[in-house]
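Q: Next up, entry.csv (CSV, C-alpha atoms).
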```
chain,number,residue,atom,x,y,z
L,1,MET,CA,15.4,18.7,75.4
L,2,ASN,CA,12.9,15.9,74.7
L,3,GLN,CA,14.3,12.6,73.7
L,4,LEU,CA,13.9,11.5,70.1
L,5,THR,CA,11.5,8.8,69.3
L,6,GLN,CA,12.8,5.6,67.7
L,7,LYS,CA,11.4,6.5,64.2
L,8,GLU,CA,13.0,10.0,64.3
L,9,GLN,CA,16.3,8.5,65.3
L,10,GLN,CA,16.1,6.1,62.3
L,11,ASP,CA,15.3,8.9,59.9
L,12,ARG,CA,18.3,10.9,61.2
L,13,ASP,CA,20.6,8.0,60.8
L,14,ALA,CA,19.4,7.4,57.3
L,15,GLY,CA,20.0,11.1,56.4
L,16,SER,CA,23.5,10.9,57.9
L,17,GLN,CA,24.3,7.9,55.8
L,18,MET,CA,23.1,9.6,52.6
L,19,VAL,CA,25.2,12.7,53.3
L,20,LEU,CA,28.2,10.4,53.9
L,21,GLY,CA,27.5,8.5,50.7
L,22,GLN,CA,27.3,11.8,48.7
L,23,GLN,CA,30.7,12.8,50.2
L,24,ASN,CA,32.3,9.5,49.2
L,25,GLY,CA,30.6,9.4,45.8
L,26,ASN,CA,29.0,6.0,46.6
L,27,LEU,CA,25.3,6.9,46.1
L,28,PRO,CA,23.2,4.0,44.8
L,29,THR,CA,22.2,4.2,41.1
L,30,PRO,CA,18.5,5.0,40.6
L,31,LEU,CA,16.4,2.1,39.3
L,32,ALA,CA,15.4,3.9,36.1
L,33,GLU,CA,19.0,4.5,35.1
L,34,THR,CA,19.9,0.9,35.8
L,35,SER,CA,17.0,-0.3,33.6
L,36,THR,CA,18.0,2.1,30.7
L,37,ALA,CA,21.6,1.0,30.9
L,38,ALA,CA,20.6,-2.7,30.9
L,39,PHE,CA,18.3,-2.2,27.9
L,40,ALA,CA,21.0,-0.3,25.9
L,41,ALA,CA,23.5,-3.1,26.6
L,42,GLN,CA,21.0,-5.7,25.5
L,43,GLN,CA,20.3,-3.9,22.2
L,44,ARG,CA,24.0,-3.4,21.5
L,45,ALA,CA,24.7,-7.1,22.1
L,46,LEU,CA,21.8,-8.1,19.9
L,47,ILE,CA,23.0,-5.9,17.0
L,48,GLU,CA,26.6,-7.2,17.4
L,49,ALA,CA,25.3,-10.8,17.3
L,50,ARG,CA,23.4,-10.1,14.1
L,51,TYR,CA,26.5,-8.7,12.4
L,52,ILE,CA,28.6,-11.6,13.6
L,53,MET,CA,26.1,-14.1,12.2
L,54,ALA,CA,26.0,-12.3,8.9
L,55,MET,CA,29.8,-12.5,8.6
L,56,GLN,CA,29.8,-16.2,9.5
L,57,ARG,CA,26.9,-17.1,7.2
L,58,PRO,CA,27.0,-14.8,4.2
L,59,ARG,CA,24.2,-15.2,1.7
L,60,ASP,CA,24.6,-17.1,-1.5
L,61,MET,CA,22.9,-15.2,-4.3
L,62,ASP,CA,22.5,-18.4,-6.4
L,63,GLN,CA,20.5,-19.8,-3.5
L,64,VAL,CA,18.5,-16.6,-3.1
L,65,ARG,CA,17.6,-16.7,-6.8
L,66,GLU,CA,16.6,-20.4,-6.5
L,67,ARG,CA,14.3,-19.7,-3.6
L,68,MET,CA,12.7,-16.7,-5.3
L,69,LEU,CA,12.0,-18.6,-8.5
L,70,LYS,CA,10.7,-21.6,-6.4
L,71,ASP,CA,8.2,-19.2,-4.8
L,72,ALA,CA,7.3,-17.7,-8.2
L,73,ARG,CA,6.4,-21.2,-9.5
L,74,ARG,CA,3.8,-21.7,-6.7
L,75,PRO,CA,0.3,-20.8,-8.0
L,76,SER,CA,-0.9,-19.6,-4.6
L,77,PHE,CA,2.1,-17.3,-4.3
L,78,ALA,CA,2.0,-16.1,-7.9
L,79,ALA,CA,-1.7,-15.1,-7.4
L,80,VAL,CA,-0.8,-12.5,-4.8
L,81,ALA,CA,2.8,-11.5,-6.0
L,82,ARG,CA,1.7,-8.7,-8.3
L,83,TYR,CA,-0.4,-5.6,-7.8
L,84,HIS,CA,-2.0,-3.2,-10.2
L,85,LYS,CA,-3.5,0.2,-9.6
L,86,PRO,CA,-5.7,1.4,-12.5
L,87,VAL,CA,-4.6,5.0,-12.2
L,88,GLY,CA,-3.8,6.8,-15.5
L,89,LYS,CA,-2.0,4.3,-17.7
L,90,GLY,CA,-1.8,1.9,-14.7
L,91,VAL,CA,0.8,1.4,-11.9
L,92,GLU,CA,1.9,-2.1,-11.2
L,93,GLY,CA,4.8,-4.1,-9.8
L,94,PRO,CA,5.8,-6.5,-7.1
L,95,SER,CA,3.3,-6.7,-4.3
L,96,ILE,CA,4.0,-6.4,-0.6
L,97,ARG,CA,3.8,-10.2,-0.2
L,98,PHE,CA,6.4,-10.6,-2.9
L,99,VAL,CA,8.8,-8.3,-1.2
L,100,GLU,CA,8.3,-9.9,2.2
L,101,ALA,CA,9.1,-13.3,0.7
L,102,ALA,CA,12.1,-11.9,-1.1
L,103,LEU,CA,13.5,-10.4,2.1
L,104,ARG,CA,13.2,-13.7,3.9
L,105,ASN,CA,15.0,-15.4,1.0
L,106,MET,CA,17.8,-12.9,1.1
L,107,GLY,CA,18.6,-13.4,4.8
L,108,ASN,CA,20.8,-11.3,7.0
L,109,LEU,CA,18.2,-8.5,6.8
L,110,ILE,CA,15.9,-7.1,9.4
L,111,THR,CA,12.9,-4.8,9.1
L,112,GLU,CA,12.2,-2.6,12.1
L,113,THR,CA,9.5,0.0,13.1
L,114,ALA,CA,9.7,2.6,15.8
L,115,THR,CA,7.2,5.3,16.8
L,116,ILE,CA,9.2,8.6,17.0
L,117,PHE,CA,6.3,11.0,17.5
L,118,ASP,CA,2.7,10.6,18.8
L,119,ASP,CA,0.0,13.1,19.7
L,120,GLU,CA,-3.7,13.5,19.3
L,121,GLY,CA,-3.6,14.4,15.6
L,122,LYS,CA,-0.9,12.2,14.1
L,123,ARG,CA,1.7,9.5,14.7
L,124,ILE,CA,5.1,9.3,13.0
L,125,VAL,CA,6.6,5.8,12.6
L,126,ARG,CA,10.1,5.2,11.3
L,127,VAL,CA,10.5,2.1,9.1
L,128,SER,CA,13.9,0.8,8.4
L,129,VAL,CA,15.5,-2.1,6.5
L,130,THR,CA,19.0,-3.1,7.5
L,131,ASP,CA,21.4,-5.3,5.4
L,132,PHE,CA,23.9,-6.6,7.9
L,133,GLU,CA,26.2,-7.9,5.2
L,134,ALA,CA,26.5,-4.6,3.3
L,135,ASN,CA,26.1,-2.5,6.4
L,136,VAL,CA,23.5,-0.5,4.7
L,137,ILE,CA,20.4,1.0,6.3
L,138,TYR,CA,17.4,2.4,4.5
L,139,SER,CA,14.8,4.2,6.5
L,140,GLN,CA,11.6,6.1,5.8
L,141,ASP,CA,9.2,8.1,8.2
L,142,VAL,CA,5.5,7.5,7.6
L,143,THR,CA,2.9,9.9,9.0
L,144,VAL,CA,-0.3,8.4,10.2
L,145,THR,CA,-3.1,11.0,10.6
L,146,LYS,CA,-5.7,10.0,13.2
L,147,THR,CA,-8.7,10.9,11.1
L,148,VAL,CA,-11.0,9.3,8.6
L,149,GLU,CA,-13.3,10.6,5.9
L,150,ARG,CA,-17.0,9.7,5.8
L,151,LYS,CA,-19.8,10.6,3.4
L,152,GLN,CA,-22.4,10.3,6.0
L,153,LEU,CA,-22.5,11.2,9.7
L,154,LYS,CA,-23.8,8.9,12.3
L,155,GLN,CA,-25.7,10.1,15.4
L,156,GLY,CA,-23.3,11.8,17.7
L,157,ASP,CA,-20.6,12.3,15.2
L,158,VAL,CA,-18.9,15.7,15.4
L,159,PRO,CA,-16.9,16.4,12.2
L,160,ILE,CA,-13.6,18.2,12.3
L,161,SER,CA,-14.2,19.7,8.8
L,162,SER,CA,-16.1,19.1,5.6
L,163,ARG,CA,-15.4,19.5,1.9
L,164,LEU,CA,-16.8,18.7,-1.5
L,165,ASN,CA,-15.1,15.9,-3.3
L,166,SER,CA,-14.4,15.8,-7.1
L,167,TYR,CA,-17.9,14.5,-7.7
L,168,GLY,CA,-19.6,17.3,-5.8
L,169,GLN,CA,-20.4,15.1,-2.8
L,170,MET,CA,-20.0,16.4,0.8
L,171,THR,CA,-17.4,14.4,2.8
L,172,TYR,CA,-16.7,14.8,6.5
L,173,LEU,CA,-13.4,14.5,8.3
L,174,LEU,CA,-13.9,12.7,11.6
L,175,PRO,CA,-11.5,11.5,14.4
L,176,GLY,CA,-10.5,7.9,13.7
L,177,THR,CA,-11.0,5.1,16.1
L,178,ASP,CA,-8.2,3.0,17.4
L,179,ASP,CA,-9.0,0.3,14.7
L,180,ASP,CA,-9.1,3.0,11.9
L,181,VAL,CA,-5.7,4.4,13.0
L,182,LEU,CA,-4.2,0.9,13.3
L,183,ASN,CA,-5.4,-0.2,9.8
L,184,LYS,CA,-4.0,3.0,8.3
L,185,GLN,CA,-0.7,2.6,10.1
L,186,ASN,CA,-0.3,-1.1,9.0
L,187,ALA,CA,-1.0,-0.2,5.4
L,188,LEU,CA,1.5,2.7,5.3
L,189,ILE,CA,4.2,0.6,7.0
L,190,SER,CA,3.7,-2.2,4.5
L,191,LYS,CA,4.1,0.2,1.6
L,192,ALA,CA,7.2,1.6,3.2
L,193,VAL,CA,8.7,-1.9,3.7
L,194,ARG,CA,8.0,-2.7,0.0
L,195,THR,CA,9.7,0.5,-1.1
L,196,LEU,CA,12.7,0.0,1.1
L,197,GLY,CA,12.9,-3.7,0.4
L,198,LEU,CA,13.1,-3.2,-3.4
L,199,ARG,CA,16.2,-1.0,-2.8
L,200,VAL,CA,18.0,-4.0,-1.2
L,201,ILE,CA,16.8,-6.8,-3.4
L,202,PRO,CA,18.7,-7.0,-6.7
L,203,GLY,CA,16.5,-5.6,-9.5
L,204,ASP,CA,17.4,-8.3,-12.0
L,205,LEU,CA,16.2,-11.0,-9.6
L,206,VAL,CA,13.0,-9.1,-9.1
L,207,ASP,CA,12.4,-8.8,-12.9
L,208,GLU,CA,13.1,-12.5,-13.5
L,209,ALA,CA,10.9,-13.6,-10.7
L,210,MET,CA,8.0,-11.4,-11.8
L,211,ARG,CA,8.2,-12.8,-15.3
L,212,LEU,CA,7.9,-16.3,-13.9
L,213,VAL,CA,5.0,-15.1,-11.7
L,214,LEU,CA,3.0,-14.0,-14.8
L,215,SER,CA,3.9,-17.3,-16.5
L,216,THR,CA,2.7,-19.3,-13.5
L,217,GLN,CA,-0.6,-17.4,-13.5
L,218,ARG,CA,-1.2,-18.0,-17.2
L,219,ASN,CA,-0.4,-21.7,-16.9
L,220,GLU,CA,-2.7,-22.1,-13.9
L,221,ASP,CA,-5.5,-20.2,-15.6
L,222,ALA,CA,-5.1,-22.3,-18.8
L,223,ARG,CA,-5.2,-25.6,-16.8
L,224,ASP,CA,-8.6,-24.9,-15.3
L,225,PRO,CA,-10.1,-21.6,-16.4
L,226,ASP,CA,-13.4,-22.1,-14.5
L,227,ALA,CA,-11.6,-22.7,-11.3
L,228,ALA,CA,-9.5,-19.6,-11.8
L,229,LYS,CA,-12.7,-17.5,-12.4
L,230,ARG,CA,-14.4,-18.9,-9.3
L,231,ALA,CA,-11.3,-18.2,-7.2
L,232,ILE,CA,-11.0,-14.6,-8.3
L,233,LEU,CA,-14.7,-14.0,-7.6
L,234,ASP,CA,-14.4,-15.6,-4.2
L,235,SER,CA,-11.4,-13.4,-3.5
L,236,PHE,CA,-13.3,-10.2,-4.3
L,237,ALA,CA,-16.3,-11.4,-2.3
L,238,SER,CA,-14.0,-11.7,0.8
L,239,ILE,CA,-13.3,-8.0,0.6
L,240,GLY,CA,-16.9,-7.0,0.0
L,241,VAL,CA,-16.9,-6.7,-3.8
L,242,THR,CA,-19.8,-8.6,-5.4
L,243,ALA,CA,-20.1,-10.3,-8.7
L,244,ALA,CA,-22.3,-7.5,-9.9
L,245,GLY,CA,-19.5,-5.0,-9.1
L,246,ILE,CA,-17.0,-7.1,-11.1
L,247,ARG,CA,-19.5,-7.1,-14.0
L,248,ASP,CA,-19.7,-3.3,-13.9
L,249,TRP,CA,-15.9,-3.1,-14.1
L,250,LEU,CA,-15.8,-5.6,-17.0
L,251,GLY,CA,-18.7,-4.3,-18.9
L,252,HIS,CA,-19.9,-7.9,-19.5
L,253,ASP,CA,-20.7,-11.0,-17.6
L,254,ALA,CA,-17.9,-12.7,-15.6
L,255,ALA,CA,-18.5,-15.9,-17.5
L,256,ALA,CA,-16.8,-14.3,-20.5
L,257,LEU,CA,-13.6,-13.3,-18.6
L,258,THR,CA,-10.6,-13.1,-20.9
L,259,PRO,CA,-7.1,-14.2,-19.7
L,260,LYS,CA,-5.9,-10.6,-19.6
L,261,GLU,CA,-8.9,-9.5,-17.6
L,262,LEU,CA,-8.3,-12.3,-15.2
L,263,THR,CA,-4.7,-11.3,-14.7
L,264,ASP,CA,-5.7,-7.6,-14.2
L,265,LEU,CA,-8.4,-8.5,-11.7
L,266,ARG,CA,-6.0,-10.7,-9.7
L,267,ALA,CA,-3.5,-7.8,-9.5
L,268,ILE,CA,-6.3,-5.3,-8.5
L,269,TYR,CA,-7.4,-7.6,-5.8
L,270,SER,CA,-3.9,-7.7,-4.4
L,271,ALA,CA,-3.7,-3.9,-4.5
L,272,ILE,CA,-7.0,-3.6,-2.6
L,273,ARG,CA,-6.1,-6.2,0.0
L,274,ASP,CA,-2.7,-4.6,0.7
L,275,GLY,CA,-4.3,-1.2,1.1
L,276,GLU,CA,-2.9,0.3,-2.1
L,277,THR,CA,-6.3,1.3,-3.4
L,278,THR,CA,-10.0,0.7,-2.9
L,279,TRP,CA,-12.7,-0.7,-5.1
L,280,LYS,CA,-14.4,2.7,-5.1
L,281,SER,CA,-11.2,4.3,-6.5
L,282,VAL,CA,-11.0,1.5,-9.1
L,283,MET,CA,-14.5,2.2,-10.3
L,284,ASP,CA,-14.0,6.0,-10.1
L,285,GLU,CA,-10.9,5.7,-12.3
L,286,LYS,CA,-12.8,3.6,-14.8
L,287,ARG,CA,-15.6,6.2,-15.1
L,288,LYS,CA,-13.0,8.9,-15.6
L,289,LYS,CA,-11.6,7.0,-18.5
L,290,ASP,CA,-15.0,6.2,-20.0
L,291,ASP,CA,-16.0,9.9,-19.8
L,292,GLY,CA,-12.6,11.2,-20.9
L,293,ASP,CA,-11.9,9.2,-24.1
L,294,GLY,CA,-14.9,6.9,-24.5
L,295,ASP,CA,-12.7,3.8,-24.0
L,296,GLY,CA,-11.8,2.8,-20.4
L,297,GLY,CA,-10.0,-0.3,-21.6
L,298,HIS,CA,-12.8,-2.4,-20.1
L,299,GLY,CA,-16.6,-2.3,-20.4
L,300,ASN,CA,-18.7,-0.7,-23.1
L,301,GLY,CA,-16.7,2.5,-23.3
L,302,ASN,CA,-19.8,4.7,-22.9
L,303,ALA,CA,-19.2,8.2,-24.4
L,304,PRO,CA,-20.2,11.4,-22.6
L,305,GLU,CA,-23.6,13.1,-23.0
L,306,GLY,CA,-24.9,13.2,-26.5
L,307,GLY,CA,-22.8,10.2,-27.5
L,308,ARG,CA,-20.0,12.5,-28.8
L,309,LYS,CA,-16.3,12.2,-27.9
L,310,LYS,CA,-14.9,15.2,-26.0
L,311,PRO,CA,-12.5,17.2,-28.2
L,312,SER,CA,-8.8,16.6,-27.3
L,313,SER,CA,-7.5,19.9,-28.8
L,314,LEU,CA,-8.6,23.5,-29.6
L,315,LYS,CA,-8.4,22.7,-33.3
L,316,GLU,CA,-10.7,19.7,-32.9
L,317,ALA,CA,-13.1,21.8,-30.8
L,318,LEU,CA,-13.3,24.5,-33.5
L,319,SER,CA,-13.8,22.1,-36.3
L,320,SER,CA,-16.6,20.1,-34.5
L,321,LYS,CA,-20.2,20.5,-35.5
L,322,PRO,CA,-21.7,23.6,-33.8
L,323,GLU,CA,-24.9,23.5,-31.8
L,324,GLY,CA,-28.0,23.6,-34.0
L,325,SER,CA,-26.2,22.7,-37.3
L,326,PRO,CA,-28.0,20.4,-39.7
L,327,ALA,CA,-27.7,16.7,-39.2
L,328,ALA,CA,-25.4,14.7,-41.3
L,329,SER,CA,-28.3,13.1,-43.1
L,330,GLU,CA,-29.5,16.5,-44.3
L,331,ILE,CA,-26.2,17.5,-46.0
L,332,PRO,CA,-25.9,16.4,-49.6
L,333,GLN,CA,-23.2,13.8,-49.9
L,334,ALA,CA,-20.6,14.1,-52.7
L,335,THR,CA,-20.2,11.0,-54.8
L,336,SER,CA,-17.1,12.0,-56.7
L,337,ASP,CA,-14.4,14.7,-56.9
L,338,ASP,CA,-16.5,16.5,-59.6
L,339,ASP,CA,-19.3,16.8,-57.1
L,340,LEU,CA,-17.0,18.3,-54.6
L,341,PHE,CA,-15.5,21.0,-56.9
L,342,GLY,CA,-18.4,21.5,-59.2
```
Mind turning the file's structure into structure tokens?
A:
Amino acid sequence: MNQLTQKEQQDRDAGSQMVLGQQNGNLPTPLAETSTAAFAAQQRALIEARYIMAMQRPRDMDQVRERMLKDARRPSFAAVARYHKPVGKGVEGPSIRFVEAALRNMGNLITETATIFDDEGKRIVRVSVTDFEANVIYSQDVTVTKTVERKQLKQGDVPISSRLNSYGQMTYLLPGTDDDVLNKQNALISKAVRTLGLRVIPGDLVDEAMRLVLSTQRNEDARDPDAAKRAILDSFASIGVTAAGIRDWLGHDAAALTPKELTDLRAIYSAIRDGETTWKSVMDEKRKKDDGDGDGGHGNGNAPEGGRKKPSSLKEALSSKPEGSPAASEIPQATSDDDLFG
């Protein structure tokens, strides 16, 4: 029998030691398992430390209220603390920035996000807000689709599908870039944090702070109306909305801005910046109101074709002037009850 080489002998010795280790139950722990156990122990220690700190330093609600109202008195904060979406009768409330500040003022809270699913078509992110004092956790899963809609195709674009929107325009569904997906994800996470945060923050404190926010806005606008108008125009310009666009929404020149219009514009800007809506959606909603009831709340309130208001009921439609009937000027006008009844 040929003698074993030195390497072969080393391999045989190593195999013998592994078999012996298996028999004695002393196999070394794989590196991956060691890392996982260490990470789990680290997370457990971190969570325990947070609960201990919450018990040692409980929040004082009087101090929380004082901090929230102090923020509400700052004009720069008040300007972004409220959002408004002109949908239907309007949707408004505390903005994402307001909720983030309130969560900081509350203390002993943590906001966390974790990706629980990810493939080529979508990503699911779990957003949670934990109150360590009350031992309450609110969570919400947000689904981020990795697609975007475009009205026009660039060279080389291959749409996934196409459809006609409510205005009869063709729109195309395209795969989103990394930036598109990230922007969409951040906007959805921010909305989820606001929703979950408002479940933790006492509602009476929110209402009181929001009333003070509106008061701060009005006082600042009254102190220097021209500066307030310039500031809101500059804010919209930073998101790509020109002064001409603002004039279209108002129905008049921006120089004649009323205090209410200024407050509404400020809230709409916050909604657009936070990803709640877009300027296109704002203008589309205004046109719907103008076409639907002849009074969109802003602007000239242009009526639909023919200058006539659309009937709101079957009775009104049946009683309206039919096509081809004589004009009002051609109908003899009664001057008294005797004329009406002969």
Q: For segment 189-205 of chain L, what centre and edge lengths in Å (one decimal) does the axis-aligned box get once 8 Å is added on each side of all its listed atoms, as lines of an AutoDock Vina configuration file?
A:
```
center_x = 11.2
center_y = -4.7
center_z = -2.5
size_x = 31.0
size_y = 28.6
size_z = 35.0
```
Q: Residues near segment 67-78 of chain L, anyone? I mean within 7 Å using only C-alpha atoms, not counting same-chain ones fewer than 2 positions away, as a list in words.
A: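 Listing them by chain and then by number gives Gln63, Val64, Arg65, Val80, Ala81, Ala102, Asn105, Ala209, Leu212, Val213, Thr216, Gln217 and Glu220 of chain L.
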Q: Please compute the atom CA of Val144 of chain L-atom CA of Gly156 of chain L distance, one decimal, in Å.
A: 24.4 Å
Q: Please provide the set of residues having any atom within 12 Å of Ser235 of chain L, restricted to all atoms listed in the file, with same-chain residues fewer than 2 positions apart removed, written as a list in words.
A: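 Using all atoms listed in the file, the neighbours found are Ala79, Val80, Ala228, Lys229, Arg230, Ala231, Ile232, Leu233, Ala237, Ser238, Ile239, Gly240, Val241, Thr242, Ala243, Ile246, Leu265, Arg266, Ala267, Ile268, Tyr269, Ser270, Ile272 and Arg273 of chain L.
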Q: Would you mind reading off the distance between atom CA of Asp204 of chain L and atom CA of Ile52 of chain L, one decimal, in Å?
A: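 Calculated distance between atom CA of Asp204 of chain L and atom CA of Ile52 of chain L is 28.1 Å.
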Q: Can you measure atom CA of Glu133 of chain L to atom CA of Ile116 of chain L for me? One decimal in Å is fine.
A: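 Interatomic distance, atom CA of Glu133 of chain L to atom CA of Ile116 of chain L: 26.5 Å.
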Q: So, with all atoms listed in the file as the atoms that count, which of L:Arg194, L:Val158, L:Arg123, L:Arg163 lies closest to Val181 of chain L?
A: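 Closest to Val181 of chain L, using all atoms listed in the file: L:Arg123.
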Q: Name the closest residue to Ser139 of chain L among the candidates L:Leu182, L:Phe98, L:Thr195, L:Leu250; distances are taken between atoms, counting all atoms listed in the file.
A: L:Thr195
Q: Near Ser161 of chain L, counting all atoms listed in the file, which residues have an atom at most 8 Å away, once you skip same-chain residues fewer than 3 positions from it, shown as a list in words?
A: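 What passes the distance filter is Tyr172, Leu173 and Leu174 of chain L.
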Q: Compare L:Thr113, L:Thr177, L:Thr171, L:Gln56 by their minimum atom-to-atom distance to Phe132 of chain L, counting all atoms listed in the file, and give me the closest one.
A: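 The closest residue to Phe132 of chain L is L:Gln56.
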Q: Identify which of the residues L:Ile201, L:Asn165, L:Asp178, L:Asn186 lies closest to Leu103 of chain L, counting only C-alpha atoms when measuring atom-to-atom distances.
A: L:Ile201
Q: For Ile160 of chain L, which residue among L:Ala187, L:Met106, L:Val148, L:Ala227 is the nearest when counting only C-alpha atoms?
A: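 The answer is L:Val148, which sits nearest to Ile160 of chain L.
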Q: Name the residues within 12 Å of (13.1, -4.4, 13.6), counting only C-alpha atoms in the file's coordinates, and put them as a list in words.
A: Gln43, Leu46, Ile47, Arg50, Leu109, Ile110, Thr111, Glu112, Thr113, Ala114, Thr115, Arg126, Val127, Ser128, Val129, Thr130, Asp131, Ile137, Ser139 and Val193 of chain L
Q: Out of L:Glu261, L:Asp180, L:Asp253, L:Asp248, which residue has the shortest atom-to-atom distance to Asp284 of chain L when counting all atoms listed in the file?
A: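 Looking at the shortest contact to Asp284 of chain L, the residue is L:Asp248.
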